[in-house]
Structures are given as C-alpha cells and as structure tokens.
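Shown next: protein-v6.pdb, containing PDB, C-alpha atoms.
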```pdb
ATOM      1  CA  MET E   1      -3.981  30.569  -4.020
ATOM      2  CA  ALA E   2      -4.027  31.011  -0.246
ATOM      3  CA  GLY E   3      -7.414  31.021   1.370
ATOM      4  CA  SER E   4     -10.245  28.977   2.686
ATOM      5  CA  THR E   5     -11.542  26.331   0.350
ATOM      6  CA  SER E   6     -15.193  25.581   0.178
ATOM      7  CA  THR E   7     -15.479  21.822   0.527
ATOM      8  CA  PRO E   8     -18.660  19.777   0.549
ATOM      9  CA  LEU E   9     -20.136  19.665   4.010
ATOM     10  CA  HIS E  10     -19.954  16.093   5.328
ATOM     11  CA  SER E  11     -22.675  14.621   7.513
ATOM     12  CA  PRO E  12     -21.978  15.451  11.156
ATOM     13  CA  PRO E  13     -21.464  12.703  13.707
ATOM     14  CA  PRO E  14     -24.556  11.668  15.672
ATOM     15  CA  ALA E  15     -23.524  13.630  18.757
ATOM     16  CA  ALA E  16     -23.054  16.804  16.720
ATOM     17  CA  ALA E  17     -26.338  16.249  14.937
ATOM     18  CA  ASP E  18     -28.140  15.814  18.262
ATOM     19  CA  ALA E  19     -26.537  18.966  19.614
ATOM     20  CA  ALA E  20     -27.527  20.906  16.519
ATOM     21  CA  ALA E  21     -31.080  19.611  16.782
ATOM     22  CA  ARG E  22     -31.345  20.985  20.302
ATOM     23  CA  VAL E  23     -30.467  24.522  19.142
ATOM     24  CA  PRO E  24     -33.671  26.505  18.519
ATOM     25  CA  ASN E  25     -34.138  27.473  14.895
ATOM     26  CA  ARG E  26     -34.801  31.071  15.866
ATOM     27  CA  ARG E  27     -31.161  31.389  16.868
ATOM     28  CA  ARG E  28     -29.917  30.743  13.346
ATOM     29  CA  LEU E  29     -30.442  32.744  10.164
ATOM     30  CA  SER E  30     -31.968  31.118   7.119
ATOM     31  CA  ARG E  31     -29.557  30.416   4.284
ATOM     32  CA  PRO E  32     -30.789  33.347   2.111
ATOM     33  CA  ALA E  33     -30.643  35.745   5.073
ATOM     34  CA  ALA E  34     -27.192  34.486   6.028
ATOM     35  CA  PHE E  35     -25.959  34.922   2.452
ATOM     36  CA  ALA E  36     -27.244  38.512   2.359
ATOM     37  CA  ALA E  37     -25.705  39.258   5.765
ATOM     38  CA  LEU E  38     -22.325  37.960   4.632
ATOM     39  CA  ALA E  39     -22.449  40.167   1.530
ATOM     40  CA  VAL E  40     -23.200  43.248   3.649
ATOM     41  CA  VAL E  41     -20.417  42.422   6.121
ATOM     42  CA  PHE E  42     -18.008  41.972   3.193
ATOM     43  CA  VAL E  43     -18.843  45.506   2.040
ATOM     44  CA  LEU E  44     -18.501  46.789   5.611
ATOM     45  CA  PHE E  45     -14.966  45.437   6.028
ATOM     46  CA  MET E  46     -13.817  46.960   2.750
ATOM     47  CA  ALA E  47     -15.517  50.284   3.511
ATOM     48  CA  ALA E  48     -13.670  50.389   6.818
ATOM     49  CA  SER E  49     -10.367  49.687   5.062
ATOM     50  CA  SER E  50     -10.724  52.689   2.728
ATOM     51  CA  ALA E  51     -12.259  55.084   5.268
ATOM     52  CA  PRO E  52      -8.864  56.397   6.501
ATOM     53  CA  SER E  53      -7.844  57.514   2.976
ATOM     54  CA  PRO E  54      -9.597  60.932   3.025
ATOM     55  CA  LEU E  55      -8.355  61.407   6.601
ATOM     56  CA  TYR E  56      -4.681  61.103   5.715
ATOM     57  CA  VAL E  57      -4.640  64.755   4.688
ATOM     58  CA  VAL E  58      -6.085  65.696   8.087
ATOM     59  CA  TYR E  59      -3.524  63.567   9.900
ATOM     60  CA  GLN E  60      -0.730  65.153   7.882
ATOM     61  CA  GLN E  61      -1.913  68.621   8.817
ATOM     62  CA  GLN E  62      -2.201  67.732  12.508
ATOM     63  CA  TRP E  63       0.961  65.674  12.933
ATOM     64  CA  HIS E  64       3.133  67.144  10.145
ATOM     65  CA  PHE E  65       4.463  63.878   8.730
ATOM     66  CA  SER E  66       5.825  63.309   5.234
ATOM     67  CA  ALA E  67       4.385  61.520   2.225
ATOM     68  CA  THR E  68       6.859  58.701   2.920
ATOM     69  CA  THR E  69       5.363  58.199   6.376
ATOM     70  CA  LEU E  70       1.890  58.264   4.870
ATOM     71  CA  THR E  71       2.852  55.557   2.389
ATOM     72  CA  THR E  72       4.290  53.492   5.259
ATOM     73  CA  VAL E  73       0.976  53.734   7.105
ATOM     74  CA  PHE E  74      -0.763  52.263   4.081
ATOM     75  CA  ALA E  75       1.977  49.680   3.509
ATOM     76  CA  VAL E  76       1.644  48.135   6.982
ATOM     77  CA  TYR E  77      -2.057  47.548   6.255
ATOM     78  CA  VAL E  78      -1.161  45.667   3.080
ATOM     79  CA  LEU E  79       1.529  43.635   4.862
ATOM     80  CA  GLY E  80      -0.905  42.685   7.604
ATOM     81  CA  MET E  81      -3.548  41.645   5.096
ATOM     82  CA  ILE E  82      -1.151  39.558   2.991
ATOM     83  CA  ALA E  83       0.241  37.847   6.101
ATOM     84  CA  ALA E  84      -3.287  37.009   7.252
ATOM     85  CA  LEU E  85      -4.251  35.638   3.841
ATOM     86  CA  LEU E  86      -1.177  33.412   3.723
ATOM     87  CA  VAL E  87      -1.127  32.210   7.325
ATOM     88  CA  LEU E  88      -4.766  32.322   8.428
ATOM     89  CA  GLY E  89      -6.461  31.879   5.078
ATOM     90  CA  ALA E  90      -7.533  28.275   5.713
ATOM     91  CA  ILE E  91      -8.159  28.456   9.449
ATOM     92  CA  SER E  92     -11.950  28.604   9.085
ATOM     93  CA  ASP E  93     -11.888  25.209   7.356
ATOM     94  CA  HIS E  94     -10.791  23.789  10.715
ATOM     95  CA  LEU E  95     -12.342  26.083  13.338
ATOM     96  CA  GLY E  96     -15.570  26.927  11.523
ATOM     97  CA  ARG E  97     -16.709  29.997   9.593
ATOM     98  CA  ARG E  98     -18.690  31.668  12.378
ATOM     99  CA  PRO E  99     -16.016  31.786  15.118
ATOM    100  CA  VAL E 100     -13.363  33.010  12.696
ATOM    101  CA  LEU E 101     -15.643  35.747  11.349
ATOM    102  CA  LEU E 102     -16.556  36.862  14.860
ATOM    103  CA  SER E 103     -12.855  36.970  15.748
ATOM    104  CA  ALA E 104     -12.152  39.095  12.660
ATOM    105  CA  ILE E 105     -14.926  41.499  13.651
ATOM    106  CA  ALA E 106     -13.498  41.759  17.170
ATOM    107  CA  LEU E 107     -10.029  42.465  15.786
ATOM    108  CA  GLU E 108     -11.443  45.071  13.410
ATOM    109  CA  ALA E 109     -13.202  46.707  16.358
ATOM    110  CA  VAL E 110      -9.864  46.916  18.185
ATOM    111  CA  SER E 111      -8.401  48.770  15.205
ATOM    112  CA  MET E 112     -11.352  51.195  15.259
ATOM    113  CA  VAL E 113     -10.701  51.935  18.930
ATOM    114  CA  LEU E 114      -7.042  52.623  18.120
ATOM    115  CA  PHE E 115      -8.077  54.983  15.323
ATOM    116  CA  LEU E 116     -10.412  56.763  17.749
ATOM    117  CA  THR E 117      -7.656  57.267  20.315
ATOM    118  CA  ALA E 118      -4.777  57.836  17.879
ATOM    119  CA  GLY E 119      -2.603  60.775  18.794
ATOM    120  CA  SER E 120       0.568  59.808  16.956
ATOM    121  CA  VAL E 121       1.821  58.039  13.866
ATOM    122  CA  ALA E 122       2.830  55.020  15.973
ATOM    123  CA  VAL E 123      -0.769  54.390  17.051
ATOM    124  CA  LEU E 124      -1.945  54.950  13.489
ATOM    125  CA  LEU E 125       0.547  52.340  12.271
ATOM    126  CA  ALA E 126      -0.665  49.847  14.876
ATOM    127  CA  ALA E 127      -4.298  50.484  13.936
ATOM    128  CA  ARG E 128      -3.646  49.925  10.241
ATOM    129  CA  LEU E 129      -1.610  46.766  10.866
ATOM    130  CA  ILE E 130      -4.361  45.235  13.002
ATOM    131  CA  GLN E 131      -6.964  46.321  10.474
ATOM    132  CA  GLY E 132      -5.004  44.649   7.686
ATOM    133  CA  ILE E 133      -4.871  41.361   9.605
ATOM    134  CA  ALA E 134      -8.590  41.508  10.415
ATOM    135  CA  THR E 135      -9.493  42.303   6.816
ATOM    136  CA  GLY E 136      -7.350  39.485   5.431
ATOM    137  CA  VAL E 137      -8.958  36.936   7.750
ATOM    138  CA  ALA E 138     -12.431  38.271   6.999
ATOM    139  CA  MET E 139     -12.019  38.327   3.223
ATOM    140  CA  THR E 140     -10.998  34.710   2.827
ATOM    141  CA  THR E 141     -13.560  33.449   5.357
ATOM    142  CA  LEU E 142     -16.388  35.526   3.903
ATOM    143  CA  GLY E 143     -15.582  34.232   0.428
ATOM    144  CA  ALA E 144     -15.659  30.637   1.651
ATOM    145  CA  ALA E 145     -18.885  31.143   3.625
ATOM    146  CA  LEU E 146     -20.582  32.744   0.628
ATOM    147  CA  ALA E 147     -19.577  29.765  -1.496
ATOM    148  CA  ASP E 148     -20.953  27.401   1.153
ATOM    149  CA  LEU E 149     -24.308  29.208   1.172
ATOM    150  CA  ASN E 150     -24.490  29.904  -2.543
ATOM    151  CA  PRO E 151     -28.056  29.327  -3.787
ATOM    152  CA  THR E 152     -28.354  26.366  -6.113
ATOM    153  CA  HIS E 153     -30.545  28.292  -8.567
ATOM    154  CA  ALA E 154     -27.810  30.952  -9.000
ATOM    155  CA  PRO E 155     -24.503  29.054  -9.037
ATOM    156  CA  HIS E 156     -22.386  32.117  -9.851
ATOM    157  CA  ARG E 157     -23.849  34.487  -7.275
ATOM    158  CA  ALA E 158     -21.204  33.863  -4.607
ATOM    159  CA  GLY E 159     -18.431  34.534  -7.102
ATOM    160  CA  LEU E 160     -20.169  37.691  -8.272
ATOM    161  CA  ILE E 161     -20.463  38.995  -4.701
ATOM    162  CA  THR E 162     -16.867  38.050  -3.888
ATOM    163  CA  GLY E 163     -15.666  39.861  -7.010
ATOM    164  CA  THR E 164     -17.688  43.062  -6.598
ATOM    165  CA  ALA E 165     -18.120  43.583  -2.846
ATOM    166  CA  PRO E 166     -14.490  44.663  -2.260
ATOM    167  CA  THR E 167     -14.532  47.440  -4.847
ATOM    168  CA  PHE E 168     -18.024  48.568  -3.856
ATOM    169  CA  GLY E 169     -16.945  48.728  -0.218
ATOM    170  CA  LEU E 170     -13.769  50.654  -1.042
ATOM    171  CA  ALA E 171     -15.766  53.187  -3.058
ATOM    172  CA  LEU E 172     -18.447  53.542  -0.376
ATOM    173  CA  GLY E 173     -16.002  53.898   2.496
ATOM    174  CA  SER E 174     -13.804  56.546   0.927
ATOM    175  CA  LEU E 175     -16.666  58.691  -0.375
ATOM    176  CA  GLY E 176     -18.693  58.325   2.815
ATOM    177  CA  CYS E 177     -15.727  59.284   4.951
ATOM    178  CA  GLY E 178     -14.980  62.267   2.705
ATOM    179  CA  LEU E 179     -18.528  63.535   3.169
ATOM    180  CA  LEU E 180     -18.363  63.103   6.946
ATOM    181  CA  VAL E 181     -14.988  64.837   7.198
ATOM    182  CA  GLU E 182     -16.188  67.761   5.090
ATOM    183  CA  TYR E 183     -19.614  68.363   6.619
ATOM    184  CA  GLN E 184     -19.642  66.843  10.120
ATOM    185  CA  PRO E 185     -17.729  67.667  13.319
ATOM    186  CA  ASN E 186     -14.869  65.625  14.783
ATOM    187  CA  PRO E 187     -13.587  64.364  11.424
ATOM    188  CA  THR E 188     -11.041  61.959  12.939
ATOM    189  CA  ARG E 189     -13.566  60.441  15.340
ATOM    190  CA  LEU E 190     -17.078  60.294  13.874
ATOM    191  CA  VAL E 191     -16.391  57.882  11.008
ATOM    192  CA  TYR E 192     -14.754  55.380  13.351
ATOM    193  CA  LEU E 193     -17.609  55.617  15.849
ATOM    194  CA  LEU E 194     -20.066  54.810  13.056
ATOM    195  CA  LEU E 195     -17.938  51.919  11.831
ATOM    196  CA  LEU E 196     -17.580  50.607  15.375
ATOM    197  CA  ALA E 197     -21.358  50.652  15.778
ATOM    198  CA  ALA E 198     -21.782  48.862  12.431
ATOM    199  CA  LEU E 199     -19.269  46.206  13.506
ATOM    200  CA  ALA E 200     -21.211  45.650  16.724
ATOM    201  CA  VAL E 201     -24.385  45.064  14.714
ATOM    202  CA  ALA E 202     -22.478  42.761  12.353
ATOM    203  CA  GLY E 203     -21.209  40.746  15.303
ATOM    204  CA  VAL E 204     -24.730  40.257  16.633
ATOM    205  CA  VAL E 205     -26.056  39.236  13.212
ATOM    206  CA  LEU E 206     -23.208  36.831  12.426
ATOM    207  CA  SER E 207     -23.534  35.185  15.824
ATOM    208  CA  ALA E 208     -26.726  33.693  14.339
ATOM    209  CA  LEU E 209     -24.920  32.513  11.197
ATOM    210  CA  PRO E 210     -25.501  28.828  10.416
ATOM    211  CA  GLU E 211     -22.212  26.947  10.581
ATOM    212  CA  THR E 212     -21.238  25.473   7.214
ATOM    213  CA  SER E 213     -17.797  24.081   8.055
ATOM    214  CA  LEU E 214     -17.531  21.549  10.848
ATOM    215  CA  ARG E 215     -14.541  21.661  13.165
ATOM    216  CA  ARG E 216     -11.831  19.256  12.124
ATOM    217  CA  PRO E 217      -8.183  18.664  13.084
ATOM    218  CA  GLY E 218      -5.254  20.220  11.310
ATOM    219  CA  ALA E 219      -5.646  23.868  12.357
ATOM    220  CA  ALA E 220      -1.985  24.165  13.342
ATOM    221  CA  ARG E 221      -0.796  22.667  10.043
ATOM    222  CA  SER E 222      -3.038  25.052   8.125
ATOM    223  CA  LEU E 223      -1.015  27.989   9.448
ATOM    224  CA  GLN E 224       1.867  26.993   7.189
ATOM    225  CA  PRO E 225       1.625  29.178   4.055
ATOM    226  CA  ARG E 226       0.895  27.155   0.939
ATOM    227  CA  LEU E 227       0.244  28.535  -2.507
ATOM    228  CA  ARG E 228      -1.802  26.139  -4.599
ATOM    229  CA  ILE E 229      -3.064  26.683  -8.117
ATOM    230  CA  ALA E 230      -5.028  24.080 -10.014
ATOM    231  CA  PRO E 231      -2.832  22.841 -12.896
ATOM    232  CA  HIS E 232      -5.400  23.727 -15.550
ATOM    233  CA  LEU E 233      -5.532  27.329 -14.269
ATOM    234  CA  ARG E 234      -1.803  28.011 -13.942
ATOM    235  CA  ALA E 235      -1.164  29.292 -17.452
ATOM    236  CA  ASP E 236      -4.171  31.625 -17.359
ATOM    237  CA  LEU E 237      -3.317  32.928 -13.902
ATOM    238  CA  LEU E 238       0.351  33.530 -14.684
ATOM    239  CA  SER E 239      -0.632  35.537 -17.746
ATOM    240  CA  LEU E 240      -2.802  37.714 -15.488
ATOM    241  CA  VAL E 241      -0.130  38.314 -12.834
ATOM    242  CA  PRO E 242       1.340  41.497 -14.441
ATOM    243  CA  ILE E 243      -2.152  42.974 -14.769
ATOM    244  CA  LEU E 244      -3.027  42.089 -11.188
ATOM    245  CA  ILE E 245       0.205  43.598  -9.846
ATOM    246  CA  ALA E 246      -0.241  46.784 -11.855
ATOM    247  CA  SER E 247      -3.887  47.221 -10.897
ATOM    248  CA  TRP E 248      -3.312  46.665  -7.187
ATOM    249  CA  ALA E 249      -0.217  48.906  -7.241
ATOM    250  CA  LEU E 250      -2.308  51.654  -8.818
ATOM    251  CA  GLY E 251      -5.011  51.054  -6.231
ATOM    252  CA  GLY E 252      -2.470  51.332  -3.441
ATOM    253  CA  LEU E 253      -1.204  54.613  -4.857
ATOM    254  CA  TYR E 254      -4.702  56.068  -4.976
ATOM    255  CA  LEU E 255      -5.688  54.790  -1.526
ATOM    256  CA  SER E 256      -2.548  56.131   0.139
ATOM    257  CA  LEU E 257      -1.600  59.293  -1.748
ATOM    258  CA  GLY E 258      -4.620  60.082  -3.940
ATOM    259  CA  PRO E 259      -6.371  62.552  -1.587
ATOM    260  CA  SER E 260      -3.066  64.209  -0.655
ATOM    261  CA  VAL E 261      -2.104  64.661  -4.313
ATOM    262  CA  ALA E 262      -5.532  66.118  -5.077
ATOM    263  CA  ALA E 263      -5.124  68.580  -2.210
ATOM    264  CA  GLY E 264      -1.480  69.501  -2.809
ATOM    265  CA  LEU E 265      -1.022  69.320  -6.573
ATOM    266  CA  PHE E 266      -4.372  70.698  -7.658
ATOM    267  CA  GLY E 267      -5.098  72.878  -4.649
ATOM    268  CA  LEU E 268      -8.373  71.098  -3.895
ATOM    269  CA  SER E 269      -9.269  71.589  -0.251
ATOM    270  CA  SER E 270     -12.527  69.629  -0.242
ATOM    271  CA  HIS E 271     -12.288  66.293   1.549
ATOM    272  CA  VAL E 272     -15.156  65.064  -0.610
ATOM    273  CA  ILE E 273     -12.832  65.329  -3.601
ATOM    274  CA  GLY E 274     -10.253  63.307  -1.693
ATOM    275  CA  GLY E 275     -12.779  60.539  -1.151
ATOM    276  CA  LEU E 276     -14.020  60.840  -4.713
ATOM    277  CA  VAL E 277     -10.522  60.170  -6.038
ATOM    278  CA  VAL E 278     -10.652  56.665  -4.561
ATOM    279  CA  THR E 279     -14.311  56.162  -5.486
ATOM    280  CA  LEU E 280     -13.701  56.968  -9.141
ATOM    281  CA  LEU E 281     -10.960  54.362  -9.262
ATOM    282  CA  THR E 282     -12.812  51.538  -7.509
ATOM    283  CA  GLY E 283     -16.450  52.368  -8.252
ATOM    284  CA  PRO E 284     -16.668  51.276 -11.903
ATOM    285  CA  ALA E 285     -15.427  47.785 -11.003
ATOM    286  CA  PHE E 286     -18.746  46.817  -9.394
ATOM    287  CA  ILE E 287     -20.905  47.994 -12.314
ATOM    288  CA  PRO E 288     -22.417  44.846 -13.858
ATOM    289  CA  PRO E 289     -21.421  44.050 -17.439
ATOM    290  CA  SER E 290     -23.936  44.754 -20.175
ATOM    291  CA  HIS E 291     -25.312  41.224 -20.291
ATOM    292  CA  CYS E 292     -26.010  41.359 -16.557
ATOM    293  CA  ALA E 293     -27.752  44.704 -16.901
ATOM    294  CA  ALA E 294     -29.918  43.180 -19.563
ATOM    295  CA  GLY E 295     -31.331  40.721 -17.075
ATOM    296  CA  ARG E 296     -28.746  38.029 -16.340
ATOM    297  CA  SER E 297     -27.817  39.396 -12.949
ATOM    298  CA  ASP E 298     -26.326  36.098 -11.867
ATOM    299  CA  ALA E 299     -24.002  35.712 -14.859
ATOM    300  CA  PRO E 300     -20.417  35.852 -13.620
ATOM    301  CA  SER E 301     -18.109  38.715 -14.382
ATOM    302  CA  PRO E 302     -14.470  37.810 -15.188
ATOM    303  CA  SER E 303     -13.459  38.561 -11.617
ATOM    304  CA  ALA E 304     -16.332  36.496 -10.283
ATOM    305  CA  ARG E 305     -15.353  33.522 -12.439
ATOM    306  CA  VAL E 306     -11.856  33.628 -10.990
ATOM    307  CA  SER E 307     -13.195  34.090  -7.458
ATOM    308  CA  SER E 308     -15.545  31.150  -7.704
ATOM    309  CA  SER E 309     -12.990  28.740  -9.148
ATOM    310  CA  PRO E 310     -11.681  25.900  -6.957
ATOM    311  CA  ALA E 311      -8.370  27.696  -6.464
ATOM    312  CA  ARG E 312      -9.570  31.263  -6.370
ATOM    313  CA  PRO E 313      -6.782  33.817  -5.946
ATOM    314  CA  SER E 314      -6.847  35.833  -2.757
ATOM    315  CA  PRO E 315      -8.112  39.386  -3.283
TER     316      PRO E 315
END
```
Could you render the structure from this file as structure tokens?
Amino acid sequence: MAGSTSTPLHSPPPAAADAAARVPNRRRLSRPAAFAALAVVFVLFMAASSAPSPLYVVYQQQWHFSATTLTTVFAVYVLGMIAALLVLGAISDHLGRRPVLLSAIALEAVSMVLFLTAGSVAVLLAARLIQGIATGVAMTTLGAALADLNPTHAPHRAGLITGTAPTFGLALGSLGCGLLVEYQPNPTRLVYLLLLAALAVAGVVLSALPETSLRRPGAARSLQPRLRIAPHLRADLLSLVPILIASWALGGLYLSLGPSVAAGLFGLSSHVIGGLVVTLLTGPAFIPPSHCAAGRSDAPSPSARVSSSPARPSP
C-alpha cells in the first residue's frame, strides 16, 4: 500500500558518479554492514515505541488521569504513524534513503527529549504524536533500504527482517523498560536517556550508509496519499484485512492498557509484569517457523513474503 518502493537503482549521471568517486570509501559502510545496521535501527525504533507502555501506570499514579486519557495518548501515536506512512511513505524515493532516515532519527530524538521533560499529559501527547510520525517515516524507509541492500544469495532476507524486526523491537522495548522501571532509579527518565544515546549512535552509523536511491524530482507529488495494490494481490490482501485489523487492534489494547489492567485487575504491582504483558503478545511473532529453525534461516515467513512483495502493505 503506502510506502517507499524499492526500484532498481539506475546508473548515476557522470557528474554524480565523479562526485561519488571522490568520497573516500572509509566514509561509507559496506553493503553487509549497512544491511545489519538497518536491521538494528529498525529494532531500535520499535523498542522506543513500546518503551512507554510499562510507564503508563507510573504516569497515571503521578498525574491521576483516566484510562480514557491513557488510550488517547496511545491513539495519537497511531494517528501520527498512519499519517506519516500515507503522506511521507514515498519521500525517500525522491530525497534518498540516508537523509530521510537521519531526519527520522532526529525527530525521534525530539520525542525522547519531550518524554524526558514531560510534566503533564499535554507534553506526553506531543511526545507520542512526534514519535508516531518519526516511526512511520522510519519504518517505510528502513523497509525500502533493506530491500535495496538485500543480499543476492538470500533473496528473502530483507522481507524476513522487515516482518520480524517490529515485533522483536516491541517485545524488547516493553520488557527492557519494565526491568528498568522496577529495578533502577528515575523510572520516567532513565529509559529515555538510554534510548536517546542509542539514537545518537544510530545517527552516526547511518550517516555512513551508502545511498541506494538517487535524488529525483516529484517529492512534492509524492506527498499525496495513494493506496496501490498490485492487481494479482488484491483478493489475497482483502481476505486478510479482517485479520490484520483484529490483530493490530489487539496489539493496541495491550500496548496501551495491558500493564494498567495487569496492575489494577490482578493486583500485580511489578512493572516487569507490565512489560511482560506486551512481550508475551509480540514476542512469539519473531520466532522462526520450524523449517527456518531446521536450517533454512532465509526462507520467508508469511509476513516476510507480504513485506517483500512489490506492493508490500505498510506495517
């Protein structure tokens, strides 16, 4: 649907080729290193998006807001992400993968600073909205960049990473944050400081990313939302829509209210349990299927096959 499309990289004009030749090789990552870095950054963005979940209980206790307000805080993140996927999903095809990814990291860092300084629900709402936009831009651009750098000997690897990195990151972020909140001081600060430091490292690493999408005109036109599905995939995708809606609705419920329900309904005071609620939902999704465990690690899972298709649906 919406999102960056990985198109074959055309030969650059002579001037661009000469400019690229003058750039020292040491300033650019090799293709395997770049692919691995993109996978790690994908996990980082999704870990950051689920990190606030175990903290919602803490925010509720400090600021005394209702479950409705809590759900609104999560909803603005989703709205920001969907808007970014629809409007900015193809922007990296025109501006290049590297500058768009660096912009997404900068925007994500702004949201971390807002989380660090949050003293009210209004600031929390702003932080989640900005984080949703940054995550939406990053997800579609990371998926396209992974497809660009996909190794030829493992044609399904990019799809596999795109299909599993989000759930792995969600599981890691929620459980990691739960552990930090439970056992470390400054629960509403430390996790964001660590994420901010990780984003700084990611920015430095991705600044050496080899560019796989040359700048081309049409950036303004690409901002117009367009939903495109390859004709031969429409029937299959439409049959999956109810499942996709139900699964993401369930995920939203867990990410927003799961820790609070565990604390209020079952009387569980441990923040680790709050993080574990989200981890148990998302964690199993990145476990390879049996045939992958048997040795075919590059065989695509169902989600990877969809992700690596020419008209892959936005996550």
Counting only C-alpha atoms, give me one row per residue of segment 15-89 of chain E with an atom at most 10 Å from an atom of segment 277-281 of chain E, showing the shortest contact pair and its distance in Å to one decimal, sorted by chain then residue number, as JSON lines.
```
{"residue": "E:Ser50", "atom": "CA", "partner": "E:Val278", "partner_atom": "CA", "distance": 8.3}
{"residue": "E:Ser53", "atom": "CA", "partner": "E:Val278", "partner_atom": "CA", "distance": 8.1}
{"residue": "E:Pro54", "atom": "CA", "partner": "E:Val278", "partner_atom": "CA", "distance": 8.8}
```
For this session: May I ask for the distance between atom CA of Thr167 of chain E and atom CA of Leu146 of chain E, given in Å to one decimal place?
Result: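 These two atoms are separated by 16.8 Å.
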Exercise. Expressed in Å to a single decimal, how great is the separation between atom CA of Gly136 of chain E and atom CA of Ser213 of chain E?
Worked result: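 Interatomic distance here is 18.8 Å.
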Problem set entry | For Val41 of chain E, the nearest of the candidates E:Ala154, E:Leu101, E:Ala106, E:Ile229, counting only C-alpha atoms |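 The shortest atom-to-atom distance to Val41 of chain E comes from E:Leu101.
Among the candidates E:Leu85, E:Leu195, E:Leu55, E:Leu38, the residue lying nearest to Met112 of chain E is E:Leu195 (atoms considered: all atoms listed in the file).
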Problem set entry | Residues matched by the PyMOL selection byres ((chain E and resi 25-37) around 6) as a list in words | Pro24, Leu38, Ala39, Val40, Ala208, Leu209 and Pro210 of chain E
Could the residues in this selection be saved with C-alpha atoms as a PDB file, keeping the file's coordinate frame?
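Wrote it out as again.pdb, contents follow:
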```
ATOM      1  CA  PRO E  24     -33.671  26.505  18.519  1.00  0.00           C
ATOM      2  CA  LEU E  38     -22.325  37.960   4.632  1.00  0.00           C
ATOM      3  CA  ALA E  39     -22.449  40.167   1.530  1.00  0.00           C
ATOM      4  CA  VAL E  40     -23.200  43.248   3.649  1.00  0.00           C
ATOM      5  CA  ALA E 208     -26.726  33.693  14.339  1.00  0.00           C
ATOM      6  CA  LEU E 209     -24.920  32.513  11.197  1.00  0.00           C
ATOM      7  CA  PRO E 210     -25.501  28.828  10.416  1.00  0.00           C
TER       8      PRO E 210
END
```
Problem set entry | Counting all atoms listed in the file, the option among E:Leu125, E:Leu214, E:Leu175, E:Ala235 closest to Thr69 of chain E |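 Using all atoms listed in the file, Thr69 of chain E sits closest to E:Leu125.
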Exercise. Can you list, as number ranges by chain, the residues that the PyMOL selection byres ((chain E and resi 105) around 9) selects here?
Worked result: E: 45, 100-104, 106-110, 134-135, 138, 199-200, 202-203
For this session: Skip segment 117-121 of chain E itself and residues of its chain fewer than 3 positions away, then list as a ChimeraX atom specification all residues within 12 Å of it, counting only C-alpha atoms.
Result: /E:56,59-60,62-66,69-74,110-114,124-128,188-190,192-193
Exercise. Taking all atoms listed in the file into account, which of E:Ala75, E:Leu116, E:Val87, E:Ile243 comes nearest Leu196 of chain E?
Worked result: E:Leu116
Problem set entry | Residues returned when the PyMOL selection byres ((chain E and resi 88) around 10) runs on this file, as JSON, numbers by chain | {"E": [2, 3, 4, 81, 82, 83, 84, 85, 86, 87, 89, 90, 91, 92, 100, 133, 136, 137, 138, 140, 141, 219, 220, 222, 223, 224, 225]}
Selection export as a PDB file, in the frame of the given file, atoms kept: C-alpha atoms:
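Listed below is the output, selection_5.pdb:
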```pdb
ATOM      1  CA  ALA E   2      -4.027  31.011  -0.246  1.00  0.00           C
ATOM      2  CA  GLY E   3      -7.414  31.021   1.370  1.00  0.00           C
ATOM      3  CA  SER E   4     -10.245  28.977   2.686  1.00  0.00           C
ATOM      4  CA  MET E  81      -3.548  41.645   5.096  1.00  0.00           C
ATOM      5  CA  ILE E  82      -1.151  39.558   2.991  1.00  0.00           C
ATOM      6  CA  ALA E  83       0.241  37.847   6.101  1.00  0.00           C
ATOM      7  CA  ALA E  84      -3.287  37.009   7.252  1.00  0.00           C
ATOM      8  CA  LEU E  85      -4.251  35.638   3.841  1.00  0.00           C
ATOM      9  CA  LEU E  86      -1.177  33.412   3.723  1.00  0.00           C
ATOM     10  CA  VAL E  87      -1.127  32.210   7.325  1.00  0.00           C
ATOM     11  CA  GLY E  89      -6.461  31.879   5.078  1.00  0.00           C
ATOM     12  CA  ALA E  90      -7.533  28.275   5.713  1.00  0.00           C
ATOM     13  CA  ILE E  91      -8.159  28.456   9.449  1.00  0.00           C
ATOM     14  CA  SER E  92     -11.950  28.604   9.085  1.00  0.00           C
ATOM     15  CA  VAL E 100     -13.363  33.010  12.696  1.00  0.00           C
ATOM     16  CA  ILE E 133      -4.871  41.361   9.605  1.00  0.00           C
ATOM     17  CA  GLY E 136      -7.350  39.485   5.431  1.00  0.00           C
ATOM     18  CA  VAL E 137      -8.958  36.936   7.750  1.00  0.00           C
ATOM     19  CA  ALA E 138     -12.431  38.271   6.999  1.00  0.00           C
ATOM     20  CA  THR E 140     -10.998  34.710   2.827  1.00  0.00           C
ATOM     21  CA  THR E 141     -13.560  33.449   5.357  1.00  0.00           C
ATOM     22  CA  ALA E 219      -5.646  23.868  12.357  1.00  0.00           C
ATOM     23  CA  ALA E 220      -1.985  24.165  13.342  1.00  0.00           C
ATOM     24  CA  SER E 222      -3.038  25.052   8.125  1.00  0.00           C
ATOM     25  CA  LEU E 223      -1.015  27.989   9.448  1.00  0.00           C
ATOM     26  CA  GLN E 224       1.867  26.993   7.189  1.00  0.00           C
ATOM     27  CA  PRO E 225       1.625  29.178   4.055  1.00  0.00           C
TER      28      PRO E 225
END
```
Seminar exercise, completed: In Å and to one decimal, atom CA of Thr68 of chain E is distant from atom CA of Ala249 of chain E by 15.8 Å
For this session: Using all atoms listed in the file, find the one residue out of E:Arg97, E:His271, E:Arg228, E:Arg215 that sits nearest to Leu142 of chain E.
Result: E:Arg97
